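A.B. asks: Dumping the structure here so I can ask a few things about it.
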Amino acid sequence: MYSYVLKRLLSAIAVLFGASLLVFVLVINSGDPLQELRESNAENVEFLIQQRIAFMNLDEPWYSRYWIWLTGIAGCAVGACDFGTNMSGQDVGAMVANSASSTLRLVFIATILSIIIGILTGIVTAIRQYSSLDYAVSFFVFLFFSLPVFWAAVLAKDWMGITYNNWLREPQFSWTQIIIVAVVAAILVPLIIGGSTRRRLLTGAAMFGFVLVVMPLMDSLNYALEPRLGPAVITLLGIGLAFGLTALLSGLKNRRVLYSALTVVGIGLVSYYATFWLLIEPPGGWLTVIGLFLVTIAVAVLVGRTMGGHAKGQAVAVSVITAALFAVMVLLDHFMRAWPGFLGMKPRPIATIGSSSPNFSGDFWEVALDQGTQLVLPTTILMLVSVATYTRYTRSSMLEAVNQDYIRTARAKGVNERTVVFKHAFRNSMIPLTTIVAFDFAGLIGGAVVVEQVFGWSGMGNMFVTGLSNSDPAPVMAFTLITGAAAVLFNLIADLMYAVLDPRIRV
Amino acid sequence: MSQPTPPIPPEDVRSAAEVEDAKLASAQRSYSQGQLVRKRFFAHKPAVVSMAVLVFIILLSVSSIGFSGQGTGWWSKSFSATGLTVDGGRPTMFNAAFLGEHPFGQDSIGRDYFAMVMRGTQQSLLVALGVALSSTFLGVLVGALAGYFRGWIEAVLMRITDVVIVVPLLALAAVFGAYAQGLPGGTLTLALFIGLATWTGTARLVRAEILSLREKEYVAAAIAMGAHPARIILKHMLPNSIGVIVVNATFAIAAAILLETTLSYLGFGVQPPETSLGALIQDNQNAFTTRPWLFWFPGLFIIAIALSVNFIGDGLRDAIDPRQKRSGANRPGWRTAFGLLGRATAEERSGKQVSELSGGPTQMQPPAGMTDHGPDFGHDPTDEKRDS
Amino acid sequence: MPAPVLSYKDIRVSFATEFGDVDAVKGVSFEVMPGEVVAVVGESGSGKSVTSSTAMGLLPESASVQGEVLLEGRNVLKMSTAELRRLRGSDISMVFQEPMTALNPVLRVSDQLVEALQVHEVAFGGKALEKSIELLERVGIPEARTKIRQYPHQFSGGQRQRIVIAMAIACGPKVIIADEPTTALDVTVQAEILDLLRELKQELNTGILLITHNMGVVADMADRVVVMLNGEVVETGPVAKILGHPEHPYTRRLLAAMPLLREAGDPSLEREQEQERVRVTERAARETSHRAAAGMSSGAASPAPAALEAKDVALEYKFRRKATRVVHDLNFTVQPGEIMGLVGESGSGKSTVAKAVLGLLDVAEGELRVRGENMPALPSKQKKALKREIGVVFQDPAASLDPRFPIGDIITEPMVVHKEGDKDSRMARARELLDAVRLPSSVLNRYPHELSGGQRQRISIARALTLNPTLLIADEPTSALDVSVQAAVLELFSELQQHYGFACLFVSHDLAVVDSLAHKVLVMQNGRTVEQGTTDQVLRHAKESYTQQLLAAAPVPNPETQARRRTERQRLLAALG
């Protein structure tokens, strides 16, 4: 295992070396970095030219320029990276430090969200193969595959960003809007849930009524400006989750699973109050939040194992998912508490430019909200293609798995469809998907270049585009190296995931 | 077999061997490979509609302004000639009886936007086609050599592939695009160079395909009879992976359209004075609130082209690999789709072939080698459609 | 008379396909009594599997079923999905053909067995695990307590089939449907699995519906037999009557087509041995006269070179630079005009030997001489020339012909490769060969998918003979074919061999097929030679215990003989410990 990882890393270094050489040669030959200065009629033009030559080592032959860059990078091995300087003498290492975090945040969030959304949609469409939902999703998948990201981004800025901000000035739903939402929900939800005609009509009617009650209620509570969940709603939703997940993953007949999920909800309610003041201004920032989350998961595992009895595995799974979603609700509650204050500082929350508002200061939640609202549009746009990819591959992978012999064996045992799908087909269908994760991550980095350009972020993508258009190798190489390393890392993780999911593979 | 040969038995007791020979003697021919693929493709309605849309767009872009783009077709305006801006450059096709003076409006310096969009469409299609061709050629070459020869040839070729893959595709294509700017040949050179960045998906796919074909007994038979590797690759292996390659190339065209427009948007694609759909959007994105048509028309053309090519690819894949068929009669009606008809009847939902039925000549099996990739995995995850 | 546990009444099944509806089953009725084994036999396309699966409700959605399937008097076809689910695995369970794919690869065996028990609320948790271990022990998995924690891929094919059987009997079903349960297994493993099923049936008084194409298995297991043809039942009756005195012509022909493993004293043997003696003497005489004509003194002359000779051959597979040796110290000689049967079970290395002779695999050690020349060591030009002398027929009729080539091009390909003849003479040769394999010359322009499996194998044979080779390598050429098709192909093969006089390395797992064809036999196990000699020596007077086991495990289509052979086999195994 360790020797496998080591071998992979060594070959990755060789590959990165080759890639860097390729990119370096192409970039320095793509144009003349002194062009603009030669045409310039500034007084100190001679000095500027000399300065640029020195910054970029233009007086050296290409191999020696590459060698200088390579030895600088090799310093990383001893903790002294030197990414070189760009054409105007800025240290590229410092540029990377400034820009990498926002780009990687964008890409990571987009990756995780698209995996979750894409896989869920894929499973639903696979189960409802040939339903109108399947066709609709298929159409959107193809549409997303065919959508130019930069074009969609401009639309999103206008439709999602500006419209929402305008709406927030007077956040009331009109009856037309309410009816439309109700009709959409009444059509969509039965399609996802499925069942007999009677059941579909019933769920449709229920959804219609539900929306008709809830949306005016939200209006009257001024929910858009002062949203809140509160312990009561969280607990109710938690209990609903416990029942729903148990029904989905193991069946309500399995009392031990249900009880352990309910126990988790109880513990969650207690810890909601216990951590309330701690979370009002968390001392360690995100570290505290993540730490608490990990504790939550550990407690859920413990509850599942002790209460699960013979259904230990399912109990742990249901408890963990319940706990995780409960924690997300608690987090949401805290964000909602900070929302009115945040709106006071930033009345038009959904931003279309930049990765954070300039000169913004506030408490932990407000800063997080600021970064979050800046991320909404770029992430959504970046996710479109990824979600489509995951949906498509999950769907076909599930359908492939469902047609295997062992699924027939499971059915012949008398196992119900739910277990067939979630226990037997799902895990097998995840195996080929691990390879997609690695490829998709590389794709998302490419997408990030465009998205940063559209939303005016000064991230790594911007560094790359500026560097390339000036035939300035250092920033381009830094981009190549970091994205390449990230791609290698994701590939390695994907391979290890593969080995975890498939017992036949041992690395 | 020491049994005396019995007299010709009556129809119902003939053994399987005799039944088969009798079938062969009756001159009834079954569908050929190509006929079947065509039949299935034309049963795939979205693909057929897309085909019509794509042909229309191509004809429109070529016939309207001609190959030169200087009004040599039925549309007399040039894409580069400036002029007076009429009515703020608003499109005339919505108020005039037919098209009008400037159907898509005019840009800020009075150029006819219809001619520009047509020119952009031509250029984008040209690049996409060039990219798809060059990357498919290179990918097939590398994949076939690596898959057939194994050993050090494969090791070297796959390391080269890794080197290309490790750089994000869009970034590499941008680097190649920037490099190609300095070279003569304009759009075609650009297309060939972008192809140098996008061949890896095809190469891996073809390699996997060749590897699986190596295990086929007819290839083993050809090796055993002493056939030259070139003959085996060209006569046996590539013809049997042609379906996968064609499907992949189709998706590559769709991806290349998006890649080209994205590169042009970033400034590494088609260079002025030439234009492309991506460059048009780049030029006019800030005009979205004031003159939205400058933004809408090129965008809609990109989507129309990419979407129809994607649907054609989907139709081709279903036609070539019928294991996951969703064509023609197998599609459920709308009531079934909405779940209002209860369970679909057998006629509406045709599933897999049953093992016992899959023998005879009328029960066409997909050609060997095409069955070895997953149903909707006709194209490798490495292909480029996500990078725009 | 007791009530039948399972009865099919006028079952009709049709499938919706791309080409319209296909009727797979056309009104089939029969029943299974408690504790009775009913065998449904027929060739592919007879509808035997489809009919049986209707009882489980597991047919694909494109199937529409009519008629009644009564399980203890309740009509399965009228049940709701929930009712059907409660039935599956508890009242009626199933054993499938492919043990390698029947178990979920990512779940532990314990999970899959426990699930079977928990679904029907037979036992839960620790109790279910205990019960699962008992079940595994019952079906003969050694060290069940530790092995139950393993994944399916850690078990052999036979063991996996045992696990599937354990799952099938977990809830004490009234009837088990076994769909070709031993087809994918080696013959010795097949015998063990059949023994297990027989024991379980007696212990649990379960009815077994056995679907098979193998008349030997029928003779070994069945109480009653249902013979199916093209979706209809042609004959049913007690096993002794169907196998001993079949009435329907189809059943008779089916039985006649079964290749037979003859025992010592079989009258047909004597005649054959006489022919063999003549053949050997003639060859010796021919060689002497040949030598005399060449004017050589008999002492100094080397005999005519063998068609194929292996000297201390070792073969290896390389994977990631790690070599695994799969064949050790192999020695044999195939004289011109001689057929040598190479038999063994899966993993014995028999096909690897064929691959090496064909040049598809490098020889790690030793010499592989074709007509006296060590082929692997030859420079490539001479090697290619020598390849003219070797023809090949593979196992899989679906994969052995390039689907993109018309039949004419397939047959003439060896001539094209070796640049022999022009277009006309090639086509003339193709016509000649088609005639020899009894296919009309109109198929020249057709494509392989238009032909059936047996016809494709005949095309394969024709291609192998195109250049008049002295040596033919046949790698399981008939094992993918139906019995009657196999009989026709074998007959043709042996005629062609007599006519063209090629030597042949005939690789097969089926001792009966080898017996009907080969002059010599070589038995392999785990890459090593167990025994070799003339067919008569090896198959009727075997010295090695492994050969004896192999012979004893092959079932014959006669219930009485088979019962006797079964006891003999058990005695043999007991003696070996």
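If you're wondering about the labels, chains in the structure tokens are A, B, ... by order shown, residues count from 1 in each chain, ligands from 1 in order shown.
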Please list as a ChimeraX atom specification every residue within 9 Å of B:Leu307, counting only C-alpha atoms and excluding residues in the same chain fewer than 3 positions away.
C.D. replies: /A:142-147 /B:50,254,302-304,310-312
A.B. asks: Go ahead and save the residues from that selection, with N, CA and C atoms, as a PDB file, in the first residue's frame.
C.D. replies:
ATOM      1  N   PHE A 142     -28.013  17.190 -21.222  1.00  0.00           N
ATOM      2  CA  PHE A 142     -27.477  17.534 -22.534  1.00  0.00           C
ATOM      3  C   PHE A 142     -27.368  19.040 -22.699  1.00  0.00           C
ATOM      4  N   LEU A 143     -28.341  19.749 -22.149  1.00  0.00           N
ATOM      5  CA  LEU A 143     -28.290  21.206 -22.244  1.00  0.00           C
ATOM      6  C   LEU A 143     -27.054  21.730 -21.522  1.00  0.00           C
ATOM      7  N   PHE A 144     -26.801  21.217 -20.320  1.00  0.00           N
ATOM      8  CA  PHE A 144     -25.643  21.675 -19.553  1.00  0.00           C
ATOM      9  C   PHE A 144     -24.342  21.314 -20.266  1.00  0.00           C
ATOM     10  N   PHE A 145     -24.342  20.154 -20.910  1.00  0.00           N
ATOM     11  CA  PHE A 145     -23.153  19.772 -21.671  1.00  0.00           C
ATOM     12  C   PHE A 145     -22.915  20.738 -22.830  1.00  0.00           C
ATOM     13  N   SER A 146     -23.982  21.368 -23.298  1.00  0.00           N
ATOM     14  CA  SER A 146     -23.883  22.196 -24.496  1.00  0.00           C
ATOM     15  C   SER A 146     -23.852  23.685 -24.179  1.00  0.00           C
ATOM     16  N   LEU A 147     -23.792  24.024 -22.891  1.00  0.00           N
ATOM     17  CA  LEU A 147     -23.904  25.417 -22.490  1.00  0.00           C
ATOM     18  C   LEU A 147     -22.510  26.030 -22.358  1.00  0.00           C
TER      19      LEU A 147
ATOM     20  N   SER B  50     -32.169  16.826 -34.350  1.00  0.00           N
ATOM     21  CA  SER B  50     -30.887  17.521 -34.214  1.00  0.00           C
ATOM     22  C   SER B  50     -30.130  17.530 -35.526  1.00  0.00           C
ATOM     23  N   ALA B 254     -18.826  18.292 -30.384  1.00  0.00           N
ATOM     24  CA  ALA B 254     -19.598  19.132 -29.474  1.00  0.00           C
ATOM     25  C   ALA B 254     -18.679  19.787 -28.458  1.00  0.00           C
ATOM     26  N   ILE B 302     -24.377  28.817 -30.424  1.00  0.00           N
ATOM     27  CA  ILE B 302     -23.486  27.832 -29.794  1.00  0.00           C
ATOM     28  C   ILE B 302     -24.304  26.691 -29.216  1.00  0.00           C
ATOM     29  N   ILE B 303     -25.338  27.056 -28.439  1.00  0.00           N
ATOM     30  CA  ILE B 303     -26.129  26.010 -27.782  1.00  0.00           C
ATOM     31  C   ILE B 303     -26.792  25.119 -28.823  1.00  0.00           C
ATOM     32  N   ALA B 304     -27.347  25.752 -29.860  1.00  0.00           N
ATOM     33  CA  ALA B 304     -28.043  24.950 -30.875  1.00  0.00           C
ATOM     34  C   ALA B 304     -27.084  23.944 -31.514  1.00  0.00           C
ATOM     35  N   ASN B 310     -24.528  16.880 -29.678  1.00  0.00           N
ATOM     36  CA  ASN B 310     -24.614  15.941 -28.555  1.00  0.00           C
ATOM     37  C   ASN B 310     -25.741  14.932 -28.755  1.00  0.00           C
ATOM     38  N   PHE B 311     -26.895  15.413 -29.196  1.00  0.00           N
ATOM     39  CA  PHE B 311     -28.017  14.489 -29.401  1.00  0.00           C
ATOM     40  C   PHE B 311     -27.725  13.513 -30.533  1.00  0.00           C
ATOM     41  N   ILE B 312     -27.048  14.012 -31.575  1.00  0.00           N
ATOM     42  CA  ILE B 312     -26.680  13.089 -32.653  1.00  0.00           C
ATOM     43  C   ILE B 312     -25.750  12.007 -32.113  1.00  0.00           C
TER      44      ILE B 312
END
A.B. asks: Once you count only C-alpha atoms, which residues of chain A turn out to be within 8 Å of chain B? Could you give them as an mmCIF file with N, CA and C atoms, in the first residue's frame?
C.D. replies:
data_model
loop_
_atom_site.group_PDB
_atom_site.id
_atom_site.type_symbol
_atom_site.label_atom_id
_atom_site.label_comp_id
_atom_site.auth_asym_id
_atom_site.auth_seq_id
_atom_site.Cartn_x
_atom_site.Cartn_y
_atom_site.Cartn_z
ATOM 1 N N VAL A 15 5.783 12.762 -14.517
ATOM 2 C CA VAL A 15 4.781 13.268 -15.449
ATOM 3 C C VAL A 15 4.669 14.791 -15.343
ATOM 4 N N LEU A 16 4.682 15.294 -14.116
ATOM 5 C CA LEU A 16 4.605 16.748 -13.940
ATOM 6 C C LEU A 16 5.818 17.440 -14.563
ATOM 7 N N GLY A 18 7.493 16.401 -17.173
ATOM 8 C CA GLY A 18 7.258 16.433 -18.616
ATOM 9 C C GLY A 18 6.264 17.512 -18.990
ATOM 10 N N ALA A 19 5.185 17.594 -18.224
ATOM 11 C CA ALA A 19 4.155 18.571 -18.523
ATOM 12 C C ALA A 19 4.709 19.985 -18.398
ATOM 13 N N VAL A 23 4.711 22.814 -21.369
ATOM 14 C CA VAL A 23 4.035 24.104 -21.231
ATOM 15 C C VAL A 23 5.048 25.243 -21.319
ATOM 16 N N LEU A 26 6.090 25.940 -24.908
ATOM 17 C CA LEU A 26 5.003 26.539 -25.684
ATOM 18 C C LEU A 26 4.780 27.989 -25.284
ATOM 19 N N VAL A 27 4.813 28.254 -23.973
ATOM 20 C CA VAL A 27 4.505 29.612 -23.522
ATOM 21 C C VAL A 27 5.571 30.598 -23.991
ATOM 22 N N ASN A 29 7.366 30.480 -26.462
ATOM 23 C CA ASN A 29 7.347 30.663 -27.913
ATOM 24 C C ASN A 29 6.035 31.237 -28.424
ATOM 25 N N SER A 30 5.110 31.533 -27.503
ATOM 26 C CA SER A 30 3.789 31.954 -27.970
ATOM 27 C C SER A 30 3.772 33.441 -28.316
ATOM 28 N N GLY A 31 4.800 34.174 -28.034
ATOM 29 C CA GLY A 31 4.783 35.592 -28.387
ATOM 30 C C GLY A 31 6.020 36.288 -27.857
ATOM 31 N N TYR A 130 -36.919 5.861 -17.898
ATOM 32 C CA TYR A 130 -37.997 6.048 -18.885
ATOM 33 C C TYR A 130 -39.183 6.816 -18.338
ATOM 34 N N SER A 131 -39.083 7.400 -17.138
ATOM 35 C CA SER A 131 -40.172 8.257 -16.685
ATOM 36 C C SER A 131 -39.960 9.633 -17.290
ATOM 37 N N SER A 132 -40.973 10.498 -17.170
ATOM 38 C CA SER A 132 -40.796 11.837 -17.740
ATOM 39 C C SER A 132 -39.722 12.586 -16.973
ATOM 40 N N LEU A 133 -39.563 12.252 -15.683
ATOM 41 C CA LEU A 133 -38.478 12.862 -14.919
ATOM 42 C C LEU A 133 -37.132 12.518 -15.550
ATOM 43 N N PHE A 142 -28.013 17.190 -21.222
ATOM 44 C CA PHE A 142 -27.477 17.534 -22.534
ATOM 45 C C PHE A 142 -27.368 19.040 -22.699
ATOM 46 N N LEU A 143 -28.341 19.749 -22.149
ATOM 47 C CA LEU A 143 -28.290 21.206 -22.244
ATOM 48 C C LEU A 143 -27.054 21.730 -21.522
ATOM 49 N N PHE A 145 -24.342 20.154 -20.910
ATOM 50 C CA PHE A 145 -23.153 19.772 -21.671
ATOM 51 C C PHE A 145 -22.915 20.738 -22.830
ATOM 52 N N SER A 146 -23.982 21.368 -23.298
ATOM 53 C CA SER A 146 -23.883 22.196 -24.496
ATOM 54 C C SER A 146 -23.852 23.685 -24.179
ATOM 55 N N LEU A 147 -23.792 24.024 -22.891
ATOM 56 C CA LEU A 147 -23.904 25.417 -22.490
ATOM 57 C C LEU A 147 -22.510 26.030 -22.358
ATOM 58 N N PRO A 148 -22.244 27.134 -23.070
ATOM 59 C CA PRO A 148 -20.968 27.805 -22.833
ATOM 60 C C PRO A 148 -20.999 28.452 -21.448
ATOM 61 N N VAL A 149 -20.021 28.136 -20.617
ATOM 62 C CA VAL A 149 -20.048 28.577 -19.223
ATOM 63 C C VAL A 149 -20.081 30.099 -19.122
ATOM 64 N N PHE A 150 -19.251 30.763 -19.958
ATOM 65 C CA PHE A 150 -19.180 32.216 -19.834
ATOM 66 C C PHE A 150 -20.507 32.867 -20.187
ATOM 67 N N TRP A 151 -21.214 32.243 -21.124
ATOM 68 C CA TRP A 151 -22.500 32.789 -21.541
ATOM 69 C C TRP A 151 -23.531 32.606 -20.422
ATOM 70 N N VAL A 154 -23.077 35.078 -17.549
ATOM 71 C CA VAL A 154 -23.640 36.415 -17.743
ATOM 72 C C VAL A 154 -25.135 36.399 -17.446
ATOM 73 N N LEU A 191 -43.295 12.863 -9.226
ATOM 74 C CA LEU A 191 -42.437 12.201 -10.215
ATOM 75 C C LEU A 191 -41.225 11.588 -9.549
ATOM 76 N N GLY A 194 -42.728 8.699 -7.010
ATOM 77 C CA GLY A 194 -43.241 7.557 -7.765
ATOM 78 C C GLY A 194 -44.384 6.858 -7.049
ATOM 79 N N GLY A 195 -44.641 5.629 -7.440
ATOM 80 C CA GLY A 195 -45.727 4.866 -6.836
ATOM 81 C C GLY A 195 -46.904 4.758 -7.777
ATOM 82 N N SER A 196 -48.022 4.297 -7.234
ATOM 83 C CA SER A 196 -49.203 4.095 -8.071
ATOM 84 C C SER A 196 -49.794 5.438 -8.464
ATOM 85 N N THR A 197 -50.694 5.413 -9.449
ATOM 86 C CA THR A 197 -51.342 6.637 -9.909
ATOM 87 C C THR A 197 -52.013 7.369 -8.751
ATOM 88 N N ARG A 200 -49.533 9.050 -6.548
ATOM 89 C CA ARG A 200 -48.965 10.230 -7.192
ATOM 90 C C ARG A 200 -49.919 11.413 -7.094
ATOM 91 N N VAL A 385 -21.897 21.751 -15.406
ATOM 92 C CA VAL A 385 -21.371 20.658 -16.212
ATOM 93 C C VAL A 385 -21.057 19.436 -15.346
ATOM 94 N N SER A 386 -20.498 19.712 -14.148
ATOM 95 C CA SER A 386 -20.137 18.593 -13.274
ATOM 96 C C SER A 386 -21.357 17.818 -12.825
ATOM 97 N N ARG A 392 -25.249 11.745 -15.275
ATOM 98 C CA ARG A 392 -25.215 10.832 -16.414
ATOM 99 C C ARG A 392 -24.488 9.530 -16.050
ATOM 100 N N TYR A 393 -23.330 9.677 -15.452
ATOM 101 C CA TYR A 393 -22.546 8.485 -15.165
ATOM 102 C C TYR A 393 -23.161 7.647 -14.057
ATOM 103 N N SER A 396 -26.092 5.706 -15.665
ATOM 104 C CA SER A 396 -25.765 4.532 -16.478
ATOM 105 C C SER A 396 -25.042 3.472 -15.653
ATOM 106 N N SER A 397 -24.268 3.917 -14.679
ATOM 107 C CA SER A 397 -23.581 2.960 -13.822
ATOM 108 C C SER A 397 -24.590 2.164 -12.993
ATOM 109 N N GLU A 400 -26.356 -0.269 -15.268
ATOM 110 C CA GLU A 400 -25.443 -1.377 -15.543
ATOM 111 C C GLU A 400 -25.444 -2.349 -14.366
ATOM 112 N N ILE A 436 -14.285 8.938 -12.396
ATOM 113 C CA ILE A 436 -14.852 10.179 -12.921
ATOM 114 C C ILE A 436 -14.473 11.349 -12.013
ATOM 115 N N PHE A 439 -11.200 12.860 -13.023
ATOM 116 C CA PHE A 439 -11.275 13.586 -14.284
ATOM 117 C C PHE A 439 -12.071 14.868 -14.134
ATOM 118 N N ASP A 440 -13.156 14.772 -13.384
ATOM 119 C CA ASP A 440 -14.029 15.913 -13.247
ATOM 120 C C ASP A 440 -13.333 17.036 -12.502
ATOM 121 N N ALA A 442 -10.190 17.802 -12.569
ATOM 122 C CA ALA A 442 -9.338 18.507 -13.533
ATOM 123 C C ALA A 442 -10.181 19.418 -14.416
ATOM 124 N N GLY A 443 -11.361 18.924 -14.811
ATOM 125 C CA GLY A 443 -12.254 19.729 -15.634
ATOM 126 C C GLY A 443 -12.711 20.977 -14.906
ATOM 127 N N LEU A 444 -13.004 20.810 -13.605
ATOM 128 C CA LEU A 444 -13.479 21.949 -12.825
ATOM 129 C C LEU A 444 -12.410 23.029 -12.710
ATOM 130 N N ILE A 445 -11.159 22.605 -12.628
ATOM 131 C CA ILE A 445 -10.096 23.610 -12.562
ATOM 132 C C ILE A 445 -10.076 24.425 -13.849
ATOM 133 N N GLY A 446 -10.223 23.722 -14.976
ATOM 134 C CA GLY A 446 -10.316 24.436 -16.249
ATOM 135 C C GLY A 446 -11.494 25.385 -16.249
ATOM 136 N N GLY A 447 -12.633 24.871 -15.749
ATOM 137 C CA GLY A 447 -13.827 25.706 -15.696
ATOM 138 C C GLY A 447 -13.607 26.920 -14.808
ATOM 139 N N VAL A 450 -12.348 30.046 -16.477
ATOM 140 C CA VAL A 450 -13.357 30.850 -17.161
ATOM 141 C C VAL A 450 -14.215 31.593 -16.149
ATOM 142 N N GLN A 453 -12.694 34.537 -14.690
ATOM 143 C CA GLN A 453 -12.634 35.610 -15.674
ATOM 144 C C GLN A 453 -13.965 36.368 -15.714
ATOM 145 N N VAL A 465 -4.346 33.358 -17.149
ATOM 146 C CA VAL A 465 -4.746 34.019 -18.393
ATOM 147 C C VAL A 465 -3.868 35.238 -18.660
ATOM 148 N N LEU A 468 -0.358 34.055 -19.656
ATOM 149 C CA LEU A 468 -0.293 33.458 -20.987
ATOM 150 C C LEU A 468 -0.402 34.528 -22.061
ATOM 151 N N SER A 469 -1.291 35.506 -21.862
ATOM 152 C CA SER A 469 -1.449 36.492 -22.936
ATOM 153 C C SER A 469 -0.215 37.383 -23.023
ATOM 154 N N THR A 480 0.134 25.707 -13.768
ATOM 155 C CA THR A 480 0.241 24.333 -14.255
ATOM 156 C C THR A 480 0.639 23.380 -13.150
ATOM 157 N N THR A 483 -2.249 23.086 -10.310
ATOM 158 C CA THR A 483 -3.408 22.317 -10.761
ATOM 159 C C THR A 483 -3.002 20.890 -11.103
ATOM 160 N N GLY A 484 -1.807 20.740 -11.688
ATOM 161 C CA GLY A 484 -1.334 19.391 -12.011
ATOM 162 C C GLY A 484 -1.186 18.560 -10.754
ATOM 163 N N ALA A 487 -4.498 17.586 -9.500
ATOM 164 C CA ALA A 487 -5.081 16.515 -10.318
ATOM 165 C C ALA A 487 -4.467 15.170 -9.964
ATOM 166 N N VAL A 488 -3.127 15.168 -9.787
ATOM 167 C CA VAL A 488 -2.447 13.925 -9.411
ATOM 168 C C VAL A 488 -2.977 13.410 -8.075
#
A.B. asks: Just how far from atom CA of C:Pro397 is atom CA of C:Asp475, in Å to one decimal?
C.D. replies: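 Atom CA of C:Asp475 sits 11.6 Å away from atom CA of C:Pro397.
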A.B. asks: Could I get the residues of chain C with an atom no further than 6 Å from an atom of chain A, each paired with its nearest atom pair and that distance in Å to one decimal, using only C-alpha atoms, sorted by chain and residue number, as a Markdown table?
C.D. replies:
| residue | atom | partner | partner_atom | distance |
| --- | --- | --- | --- | --- |
| C:Arg85 | CA | A:Gly414 | CA | 4.6 |
| C:Arg86 | CA | A:Gly414 | CA | 6.0 |
| C:Arg88 | CA | A:Gly414 | CA | 4.6 |
| C:Gly89 | CA | A:Lys413 | CA | 4.2 |
| C:Thr101 | CA | A:Asp405 | CA | 5.7 |
| C:Ala102 | CA | A:Tyr406 | CA | 4.4 |
| C:Leu103 | CA | A:Tyr406 | CA | 4.9 |
| C:Asn104 | CA | A:Tyr406 | CA | 5.1 |
| C:Val106 | CA | A:Asp502 | CA | 5.8 |
| C:Ala116 | CA | A:Lys413 | CA | 5.8 |
| C:Gly125 | CA | A:His310 | CA | 3.7 |
A.B. asks: Name the residues in contact with B:Ala191 at a cut-off of 7 Å, using only C-alpha atoms, excluding same-chain residues fewer than 5 positions from it; report them as a PDB file with C-alpha atoms, in the first residue's frame.
C.D. replies:
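This went into part.pdb:
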ATOM      1  CA  VAL B 127     -12.394  24.794 -35.714  1.00  0.00           C
ATOM      2  CA  GLY B 130     -10.644  20.403 -37.373  1.00  0.00           C
ATOM      3  CA  VAL B 131     -10.132  19.724 -33.683  1.00  0.00           C
TER       4      VAL B 131
END
A.B. asks: For chain C, which residue out of B:Leu316, B:Ile223, B:Ala115, B:Val156 is the nearest one, using only C-alpha atoms?
C.D. replies: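 Going through B:Leu316, B:Ile223, B:Ala115, B:Val156 one by one, the smallest distance to chain C is for B:Ile223.
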A.B. asks: Closest to C:Val25 among C:Pro477, C:Gly231, C:Val50, C:Leu87, using only C-alpha atoms?
C.D. replies: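 Using only C-alpha atoms, C:Val25 sits closest to C:Gly231.
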A.B. asks: Might you pull out every residue within 7 Å of C:Gly349, with only C-alpha atoms counted and same-chain residues fewer than 4 positions away left off, and present them as a list in words?
C.D. replies: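 So the residues in contact are Val326, Val327, Val353, Asn526 and Gly527 of chain C.
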A.B. asks: Give me, as a compact mmCIF listing (two decimals) with N, CA and C atoms, in the first residue's frame, all polymer residues having an atom no more than 10 Å from A:Met497, counting only C-alpha atoms and skipping those fewer than 5 positions away in the same chain.
C.D. replies:
# COMPACT_ATOMS: atom_id res chain seq x y z
N MET A 430 -20.88 2.64 -7.60
CA MET A 430 -19.96 3.70 -7.22
C MET A 430 -18.53 3.42 -7.69
N ILE A 431 -18.23 2.15 -7.92
CA ILE A 431 -16.84 1.79 -8.24
C ILE A 431 -16.35 2.50 -9.51
N LEU A 433 -17.46 5.12 -10.75
CA LEU A 433 -17.58 6.57 -10.61
C LEU A 433 -16.33 7.21 -10.00
N THR A 434 -15.56 6.44 -9.22
CA THR A 434 -14.40 7.05 -8.58
C THR A 434 -13.45 7.63 -9.61
N THR A 435 -13.35 6.96 -10.77
CA THR A 435 -12.44 7.49 -11.78
C THR A 435 -12.95 8.81 -12.35
N ASN A 491 -6.36 11.96 -8.43
CA ASN A 491 -6.27 10.66 -9.08
C ASN A 491 -5.90 9.58 -8.09
N LEU A 492 -4.94 9.91 -7.24
CA LEU A 492 -4.47 8.96 -6.25
C LEU A 492 -5.60 8.62 -5.28
N ASP A 502 -13.95 -1.63 -3.84
CA ASP A 502 -13.95 -2.92 -4.52
C ASP A 502 -12.98 -3.87 -3.83
